[in-house]
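> Just coords.cif, nothing more (mmCIF, C-alpha atoms):
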data_input
loop_
_atom_site.label_atom_id
_atom_site.label_comp_id
_atom_site.auth_asym_id
_atom_site.auth_seq_id
_atom_site.Cartn_x
_atom_site.Cartn_y
_atom_site.Cartn_z
CA MET A 8 -11.69 -1.32 7.88
CA THR A 9 -9.09 1.26 6.90
CA PRO A 10 -5.37 1.56 7.68
CA GLU A 11 -6.10 4.18 10.33
CA THR A 12 -3.49 4.70 13.06
CA PRO A 13 -4.78 3.13 16.25
CA GLY A 14 -4.91 4.68 19.68
CA SER A 15 -2.87 3.25 22.50
CA GLY A 16 -5.20 0.37 23.26
CA SER A 17 -5.83 -3.14 22.08
CA THR A 18 -7.08 -3.10 18.50
CA VAL A 19 -9.06 -6.29 18.87
CA ARG A 20 -10.72 -5.24 22.14
CA ARG A 21 -11.78 -1.95 20.51
CA ILE A 22 -13.30 -3.81 17.58
CA LEU A 23 -15.05 -6.27 19.90
CA LEU A 24 -16.46 -3.53 22.14
CA GLY A 25 -17.52 -1.50 19.13
CA SER A 26 -19.39 -4.44 17.61
CA GLN A 27 -21.22 -5.11 20.88
CA LEU A 28 -22.21 -1.45 21.23
CA ARG A 29 -23.50 -1.48 17.65
CA ARG A 30 -25.58 -4.59 18.38
CA LEU A 31 -27.08 -2.97 21.49
CA ARG A 32 -27.86 0.26 19.63
CA GLU A 33 -29.58 -1.56 16.79
CA GLN A 34 -31.59 -3.76 19.20
CA LYS A 35 -32.85 -0.60 20.91
CA GLY A 36 -33.61 1.12 17.58
CA VAL A 37 -31.37 4.11 18.38
CA THR A 38 -29.87 6.04 15.44
CA ARG A 39 -26.16 6.89 15.30
CA GLN A 40 -27.14 10.56 15.38
CA ASP A 41 -29.08 10.17 18.64
CA ALA A 42 -26.26 8.09 20.16
CA GLY A 43 -23.77 10.77 19.19
CA TYR A 44 -25.88 13.48 20.81
CA VAL A 45 -25.82 11.66 24.15
CA ILE A 46 -22.00 11.56 24.26
CA ARG A 47 -21.57 15.01 22.70
CA ALA A 48 -20.16 13.58 19.48
CA SER A 49 -21.05 13.37 15.81
CA GLU A 50 -22.76 10.52 13.97
CA SER A 51 -19.45 9.76 12.25
CA LYS A 52 -17.75 9.46 15.65
CA ILE A 53 -20.27 6.79 16.66
CA SER A 54 -19.55 4.99 13.38
CA ARG A 55 -15.79 5.05 14.08
CA LEU A 56 -16.35 3.83 17.65
CA GLU A 57 -18.50 0.95 16.46
CA LEU A 58 -15.84 -0.07 13.93
CA GLY A 59 -13.13 0.02 16.61
CA ARG A 60 -11.13 2.72 14.83
CA VAL A 61 -10.82 5.12 17.75
CA SER A 62 -10.30 4.73 21.49
CA PHE A 63 -13.19 4.76 23.98
CA LYS A 64 -13.80 7.02 26.96
CA GLU A 65 -15.23 4.98 29.81
CA ARG A 66 -17.74 7.77 30.54
CA ASP A 67 -19.02 7.62 26.94
CA VAL A 68 -19.46 3.85 27.12
CA ASP A 69 -21.33 4.24 30.41
CA ASP A 70 -23.68 6.87 28.88
CA LEU A 71 -24.30 4.71 25.79
CA LEU A 72 -25.13 1.65 27.90
CA THR A 73 -27.71 3.74 29.78
CA LEU A 74 -29.18 4.96 26.49
CA TYR A 75 -29.37 1.38 25.20
CA GLY A 76 -31.18 0.21 28.32
CA VAL A 77 -28.42 -2.02 29.68
CA SER A 78 -29.32 -2.12 33.37
CA ASP A 79 -27.82 -5.47 34.40
CA LYS A 80 -24.83 -4.63 36.60
CA THR A 81 -22.81 -7.67 35.50
CA GLU A 82 -23.27 -6.92 31.79
CA ARG A 83 -22.48 -3.22 32.27
CA GLU A 84 -19.31 -3.95 34.25
CA ALA A 85 -18.11 -6.50 31.68
CA LEU A 86 -18.42 -3.93 28.88
CA LEU A 87 -16.85 -1.14 30.96
CA GLN A 88 -13.96 -3.48 31.82
CA LEU A 89 -13.54 -4.17 28.11
CA ALA A 90 -13.37 -0.39 27.55
CA ARG A 91 -10.65 -0.08 30.19
CA GLU A 92 -8.67 -2.95 28.65
CA ALA A 93 -9.05 -1.42 25.19
CA ASN A 94 -7.16 1.62 26.46
CA THR A 95 -4.26 -0.40 27.86
CA PRO A 96 -1.14 -0.18 25.66
CA GLY A 97 0.15 -3.43 24.17
CA TRP A 98 3.77 -4.52 24.67
CA TRP A 99 4.64 -3.39 21.12
CA HIS A 100 3.97 0.29 21.87
CA ARG A 101 7.43 0.69 23.33
CA TYR A 102 8.62 0.37 19.72
CA ASN A 103 6.52 3.35 18.59
CA ASP A 104 9.58 5.27 17.40
CA VAL A 105 10.39 2.59 14.78
CA LEU A 106 6.91 1.16 14.18
CA PRO A 107 4.68 2.89 11.58
CA GLY A 108 1.15 3.58 12.80
CA TRP A 109 -0.41 1.40 10.12
CA PHE A 110 1.71 -1.56 11.23
CA GLN A 111 0.87 -1.06 14.92
CA THR A 112 -2.67 -2.03 13.94
CA TYR A 113 -1.41 -5.27 12.40
CA VAL A 114 0.73 -6.22 15.41
CA GLY A 115 -2.28 -5.68 17.68
CA LEU A 116 -4.45 -7.91 15.50
CA GLU A 117 -1.74 -10.57 15.16
CA GLU A 118 -1.25 -10.64 18.92
CA SER A 119 -4.91 -11.58 19.43
CA ALA A 120 -5.41 -13.94 16.47
CA ALA A 121 -6.16 -17.61 16.98
CA LEU A 122 -5.36 -18.51 13.36
CA ILE A 123 -2.89 -16.75 11.04
CA ARG A 124 -2.82 -17.80 7.38
CA THR A 125 -0.24 -16.05 5.24
CA TYR A 126 1.12 -16.13 1.70
CA GLU A 127 4.51 -14.54 0.93
CA LEU A 128 6.36 -14.35 -2.35
CA GLN A 129 9.14 -11.80 -1.73
CA PHE A 130 10.55 -12.83 1.67
CA VAL A 131 10.12 -15.52 4.28
CA PRO A 132 7.14 -14.44 6.46
CA GLY A 133 8.18 -12.33 9.45
CA LEU A 134 6.93 -14.86 12.00
CA LEU A 135 9.22 -17.50 10.46
CA GLN A 136 12.38 -15.44 9.93
CA SER A 137 15.63 -16.33 11.66
CA GLU A 138 17.29 -13.43 13.46
CA GLY A 139 20.07 -13.17 10.86
CA TYR A 140 17.62 -13.20 7.96
CA ALA A 141 15.37 -10.66 9.70
CA ARG A 142 18.31 -8.32 10.21
CA ALA A 143 19.28 -8.59 6.54
CA VAL A 144 15.71 -7.93 5.37
CA ILE A 145 15.25 -4.98 7.72
CA ARG A 146 18.53 -3.45 6.55
CA LEU A 147 17.35 -3.71 2.94
CA GLY A 148 14.16 -1.82 3.73
CA ASN A 149 15.79 0.78 5.99
CA ALA A 150 19.07 1.57 4.27
CA GLY A 151 19.62 4.88 6.08
CA ALA A 152 18.64 3.70 9.55
CA ALA A 153 21.04 3.81 12.49
CA GLU A 154 22.22 0.49 13.92
CA HIS A 155 20.23 0.91 17.15
CA GLU A 156 17.06 1.35 15.08
CA ILE A 157 17.83 -1.82 13.15
CA ASP A 158 18.35 -3.61 16.49
CA GLN A 159 14.95 -2.40 17.73
CA ARG A 160 13.16 -3.59 14.62
CA VAL A 161 14.83 -7.01 14.82
CA GLU A 162 13.96 -7.26 18.51
CA LEU A 163 10.32 -6.47 17.75
CA ARG A 164 10.18 -9.16 15.05
CA MET A 165 11.73 -11.75 17.36
CA GLN A 166 9.31 -10.84 20.16
CA ARG A 167 6.34 -11.28 17.82
CA GLN A 168 7.57 -14.83 17.18
CA GLU A 169 7.58 -15.74 20.88
CA ARG A 170 3.81 -16.14 20.82
CA LEU A 171 4.15 -19.19 18.55
CA THR A 172 5.75 -21.16 21.38
CA GLY A 173 3.93 -19.54 24.30
CA PRO A 174 0.64 -20.32 26.05
CA ASP A 175 -2.45 -20.00 23.83
CA ALA A 176 -0.20 -20.03 20.77
CA PRO A 177 -2.02 -19.29 17.50
CA ARG A 178 -2.19 -21.70 14.57
CA LEU A 179 0.14 -20.46 11.83
CA TRP A 180 -0.29 -21.73 8.27
CA ALA A 181 2.22 -20.22 5.85
CA VAL A 182 2.57 -20.68 2.10
CA VAL A 183 5.92 -19.40 0.86
CA ASP A 184 6.70 -18.92 -2.82
CA GLU A 185 9.82 -20.76 -3.95
CA GLY A 186 11.13 -17.44 -5.25
CA ALA A 187 11.40 -16.11 -1.69
CA LEU A 188 13.59 -19.07 -0.76
CA LYS A 189 15.81 -18.80 -3.83
CA ARG A 190 16.47 -15.07 -3.29
CA PRO A 191 19.88 -14.86 -1.54
CA ILE A 192 19.19 -12.48 1.35
CA GLY A 193 22.23 -11.77 3.52
CA GLY A 194 24.49 -14.34 1.84
CA PRO A 195 24.88 -18.15 2.05
CA GLU A 196 25.41 -18.36 5.81
CA VAL A 197 22.27 -16.36 6.56
CA MET A 198 20.24 -18.45 4.10
CA ARG A 199 21.49 -21.71 5.60
CA GLY A 200 20.44 -20.47 9.02
CA GLN A 201 17.04 -19.53 7.62
CA PHE A 202 16.45 -22.95 6.05
CA GLU A 203 17.44 -24.65 9.31
CA HIS A 204 15.07 -22.36 11.18
CA LEU A 205 12.17 -23.17 8.86
CA ILE A 206 12.78 -26.90 9.29
CA GLU A 207 12.74 -26.48 13.09
CA MET A 208 9.61 -24.29 13.02
CA SER A 209 7.80 -26.86 10.89
CA LYS A 210 8.13 -29.32 13.79
CA LEU A 211 5.89 -27.20 16.02
CA PRO A 212 2.39 -28.72 16.25
CA ASN A 213 0.74 -25.34 15.59
CA VAL A 214 2.85 -24.41 12.54
CA THR A 215 2.30 -25.60 8.97
CA ILE A 216 4.60 -24.52 6.14
CA GLN A 217 4.12 -25.17 2.43
CA ILE A 218 6.22 -24.13 -0.57
CA MET A 219 4.56 -22.92 -3.78
CA PRO A 220 7.00 -24.33 -6.38
CA PHE A 221 8.16 -22.58 -9.57
CA ARG A 222 7.06 -25.54 -11.64
CA PHE A 223 3.43 -24.81 -10.88
CA GLY A 224 3.49 -21.66 -13.01
CA GLY A 225 0.53 -19.29 -12.54
CA HIS A 226 -1.52 -19.67 -9.36
CA ALA A 227 -4.38 -18.23 -7.32
CA ALA A 228 -2.45 -15.44 -5.56
CA GLU A 229 -0.51 -13.76 -8.36
CA GLY A 230 -1.75 -10.41 -7.02
CA GLY A 231 0.74 -10.50 -4.17
CA ALA A 232 1.29 -11.35 -0.52
CA PHE A 233 -1.48 -11.27 2.08
CA THR A 234 -2.37 -12.48 5.56
CA ILE A 235 -5.75 -13.62 6.92
CA LEU A 236 -6.32 -13.30 10.66
CA ARG A 237 -9.06 -15.14 12.56
CA PHE A 238 -9.92 -14.41 16.20
CA PRO A 239 -11.31 -16.56 19.02
CA GLU A 240 -14.17 -14.08 19.59
CA GLN A 241 -17.09 -15.11 17.39
CA ASP A 242 -18.30 -11.51 17.16
CA LEU A 243 -15.19 -10.53 15.21
CA PRO A 244 -14.91 -11.02 11.44
CA ASP A 245 -11.78 -12.37 9.78
CA VAL A 246 -9.41 -9.59 8.72
CA VAL A 247 -7.25 -9.63 5.58
CA TYR A 248 -4.01 -7.65 5.78
CA VAL A 249 -2.42 -6.47 2.51
CA GLU A 250 0.78 -4.44 2.80
CA ASN A 251 2.37 -2.01 0.34
CA LEU A 252 5.44 0.24 0.43
CA THR A 253 3.82 3.10 2.37
CA GLY A 254 0.93 1.53 4.26
CA ALA A 255 -1.54 -1.31 4.37
CA MET A 256 -5.17 -2.26 3.81
CA TYR A 257 -7.26 -4.05 6.40
CA LEU A 258 -10.25 -5.78 4.79
CA ASP A 259 -13.12 -7.25 6.79
CA LYS A 260 -16.08 -7.13 4.39
CA ARG A 261 -17.42 -10.64 3.83
CA ASP A 262 -17.03 -10.58 0.04
CA ASP A 263 -13.41 -9.35 0.25
CA VAL A 264 -12.46 -11.89 2.90
CA ASP A 265 -14.10 -14.74 0.98
CA THR A 266 -12.05 -13.89 -2.12
CA TYR A 267 -8.81 -14.16 -0.15
CA LEU A 268 -9.95 -17.29 1.68
CA GLN A 269 -10.62 -18.97 -1.67
CA ALA A 270 -7.19 -17.93 -2.93
CA MET A 271 -5.54 -19.31 0.22
CA GLU A 272 -7.40 -22.60 -0.05
CA ARG A 273 -6.27 -22.93 -3.67
CA LEU A 274 -2.66 -22.13 -2.71
CA CYS A 275 -2.69 -24.83 -0.02
CA VAL A 276 -4.03 -27.41 -2.48
CA ASP A 277 -1.55 -26.50 -5.23
CA SER A 278 1.58 -26.14 -3.06
CA ALA A 279 3.92 -28.89 -1.91
CA THR A 280 2.56 -30.80 1.07
CA PRO A 281 4.03 -29.94 4.49
CA GLU A 282 6.03 -33.20 4.41
CA ARG A 283 7.36 -32.54 0.91
CA THR A 284 8.14 -28.95 1.94
CA VAL A 285 10.51 -30.19 4.67
CA GLU A 286 12.28 -32.33 2.05
CA LEU A 287 12.59 -29.32 -0.28
CA LEU A 288 14.00 -27.20 2.54
CA GLY A 289 16.57 -29.93 3.21
CA ASP A 290 17.53 -29.86 -0.47
CA LEU A 291 17.92 -26.07 -0.37
CA LEU A 292 20.04 -26.33 2.77
CA ARG A 293 22.40 -28.81 1.13
CA GLU A 294 22.64 -26.71 -2.05
CA THR A 295 23.47 -23.44 -0.25
#
Let me see the structure of the file written as structure tokens.


Amino acid sequence: MTPETPGSGSTVRRILLGSQLRRLREQKGVTRQDAGYVIRASESKISRLELGRVSFKERDVDDLLTLYGVSDKTEREALLQLAREANTPGWWHRYNDVLPGWFQTYVGLEESAALIRTYELQFVPGLLQSEGYARAVIRLGNAGAAEHEIDQRVELRMQRQERLTGPDAPRLWAVVDEGALKRPIGGPEVMRGQFEHLIEMSKLPNVTIQIMPFRFGGHAAEGGAFTILRFPEQDLPDVVYVENLTGAMYLDKRDDVDTYLQAMERLCVDSATPERTVELLGDLLRET
């Protein structure tokens, strides 16, 4: 999976529909070239459709289902409905003017994930940031931005967090490097608010927070921060998100994902337990 800018639809629904169309094509023994001919497109376009990287036209899906011999009305309608839903903009698209295309993909994936496992060493993870801390971090990364743009970015980050306490909330498991907590972002008052927020978030039944302490020295994720997303749909692979200054990588190949899963497992074993983490956060709060 590449950091391609998504269309206006649901990233996860596109990936799910694409994977089902690929399965149907392979079962029928149809080549990508022949499938492309039927919908007046290239072989590479079929490949991008099957990977969920581009939006679907309902007419194209209908033609492909006919080619693949899908005659059951219920099955056809379910897949056509999925195509319609894949072209429905998510709530985050109203922030398009401040949201880079490569990050729109991440927000779409995060919105549909059932399990989010993340490691952060520079900042507190976005889903766990207090509003004051988020504003300070966003200002650091957007020094020349107007105040209304900063407000929009903060609002987006706070809205992403609402899913943690809403219906069908995902499981969030975050490992935060001690360095991120010792870095004074926004001043003492902001940091105190952030520590209090982390303590409160750790009380949620679907949230687990662990601190990777300095004293541990080298560890399994020295390469940098990453997030692993798992979805409720069994047809979808886990996706690893790795961000850099100008974009991001989205990895879903089994070998790549396994490497990051092993690193995350090691981090969880080596970090302070969730109970000890709350104690450490209390110590930081008193020291600030």

> For the structure shown, which residues end up in the PyMOL selection byres ((chain A and resi 178) around 8)? Put them as a PyMOL selection string, please?

chain A and resi 121-123+171+176-177+179-180+213-214

> Please evaluate the PyMOL selection byres ((chain A and resi 50-60) around 12) against the structure above and give the resulting residues as an MDAnalysis selection string.

chainID A and resid 8:33 37:49 61:64 67:68 71 90 93:94 109 112 116 243:244 257 259:260

> Name the closest residue to Gln166 (chain A) among the candidates A:Pro220, A:Pro195, A:Gly133, A:Pro239; distances are taken between atoms, counting all atoms listed in the file.

A:Gly133

> Run through the PyMOL selection byres ((chain A and resi 187) around 12) on the given coordinates and return the selected residues as a compact mmCIF listing (two decimals) with C-alpha atoms, keeping the file's coordinate frame.


# COMPACT_ATOMS: atom_id res chain seq x y z
CA TYR A 126 1.12 -16.13 1.70
CA GLU A 127 4.51 -14.54 0.93
CA LEU A 128 6.36 -14.35 -2.35
CA GLN A 129 9.14 -11.80 -1.73
CA PHE A 130 10.55 -12.83 1.67
CA VAL A 131 10.12 -15.52 4.28
CA PRO A 132 7.14 -14.44 6.46
CA GLN A 136 12.38 -15.44 9.93
CA TYR A 140 17.62 -13.20 7.96
CA VAL A 144 15.71 -7.93 5.37
CA VAL A 182 2.57 -20.68 2.10
CA VAL A 183 5.92 -19.40 0.86
CA ASP A 184 6.70 -18.92 -2.82
CA GLU A 185 9.82 -20.76 -3.95
CA GLY A 186 11.13 -17.44 -5.25
CA LEU A 188 13.59 -19.07 -0.76
CA LYS A 189 15.81 -18.80 -3.83
CA ARG A 190 16.47 -15.07 -3.29
CA PRO A 191 19.88 -14.86 -1.54
CA ILE A 192 19.19 -12.48 1.35
CA MET A 198 20.24 -18.45 4.10
CA GLN A 201 17.04 -19.53 7.62
CA PHE A 202 16.45 -22.95 6.05
CA ILE A 218 6.22 -24.13 -0.57
CA MET A 219 4.56 -22.92 -3.78
CA PRO A 220 7.00 -24.33 -6.38
CA PHE A 221 8.16 -22.58 -9.57
CA ALA A 232 1.29 -11.35 -0.52
CA LEU A 291 17.92 -26.07 -0.37

> My list of candidates is A:Thr125, A:Asn149, A:Gln217, A:Ser137. Which is closest to Glu250 (chain A) when distances are computed with only C-alpha atoms?

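With only C-alpha atoms as the atom set, the closest residue is A:Thr125.
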
> Listed atoms of region 123-139 of chain A, axis-aligned box, 8 Å per side: centre and edge lengths to one decimal in Å, as lines of an AutoDock Vina configuration file?


center_x = 8.6
center_y = -14.8
center_z = 5.6
size_x = 39.0
size_y = 22.0
size_z = 31.8

> So the first atom is CA of Glu92 (chain A) and the second is CA of Asp175 (chain A); what is the distance between them in Å, to one decimal place?

18.8 Å

> Determine, counting only C-alpha atoms, every residue of protein, DNA or RNA that lies within 9 Å of (-12.9, -11.8, 8.3) in the file coordinates, then give the result as a list in words.

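Residues with an atom at most 9 Å from (-12.9, -11.8, 8.3): Ile235, Leu236, Arg237, Phe238, Leu243, Pro244, Asp245, Val246, Val247, Leu258, Asp259, Lys260, Arg261, Asp263, Val264 and Asp265 of chain A.
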
> Grab the CA of Met165 (chain A) to CA of Phe233 (chain A) distance for me, in Å with one decimal place.

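About the pair CA of Met165 (chain A) and CA of Phe233 (chain A): they are 20.2 Å apart.
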
> Return the single residue from A:Gln241, A:Glu203, A:Ile145, A:Leu211 that is closest to Leu287 (chain A), with distances computed using only C-alpha atoms.

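Closest residue, counting only C-alpha atoms: A:Glu203.
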
> For a test of reading the model, state the distance in Å between CA of Thr280 (chain A) and CA of Leu135 (chain A), rounded to one decimal.

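These atoms are spaced 17.6 Å apart.
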
> Residues within 12 Å of (-20.9, 5.6, 33.6), file coordinates, counting only C-alpha atoms: what are they? Give the list as number ranges by chain.

A: 46, 64-74, 77-78, 80, 83-84, 86-88, 90

> Give me the residues near region 157-160 of chain A as a PyMOL selection string, where near means some atom within 8 Å (using only C-alpha atoms) and where sequence neighbours in that chain fewer than 4 positions away do not count.

chain A and resi 102+105-106+142+145-146+149+152-153+164

> Considering all atoms listed in the file, state which residue in the set A:Asp290, A:Glu207, A:Glu240, A:Glu118 is at the smallest distance from Gly173 (chain A).

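Looking only at the distances to Gly173 (chain A), the closest residue turns out to be A:Glu118.
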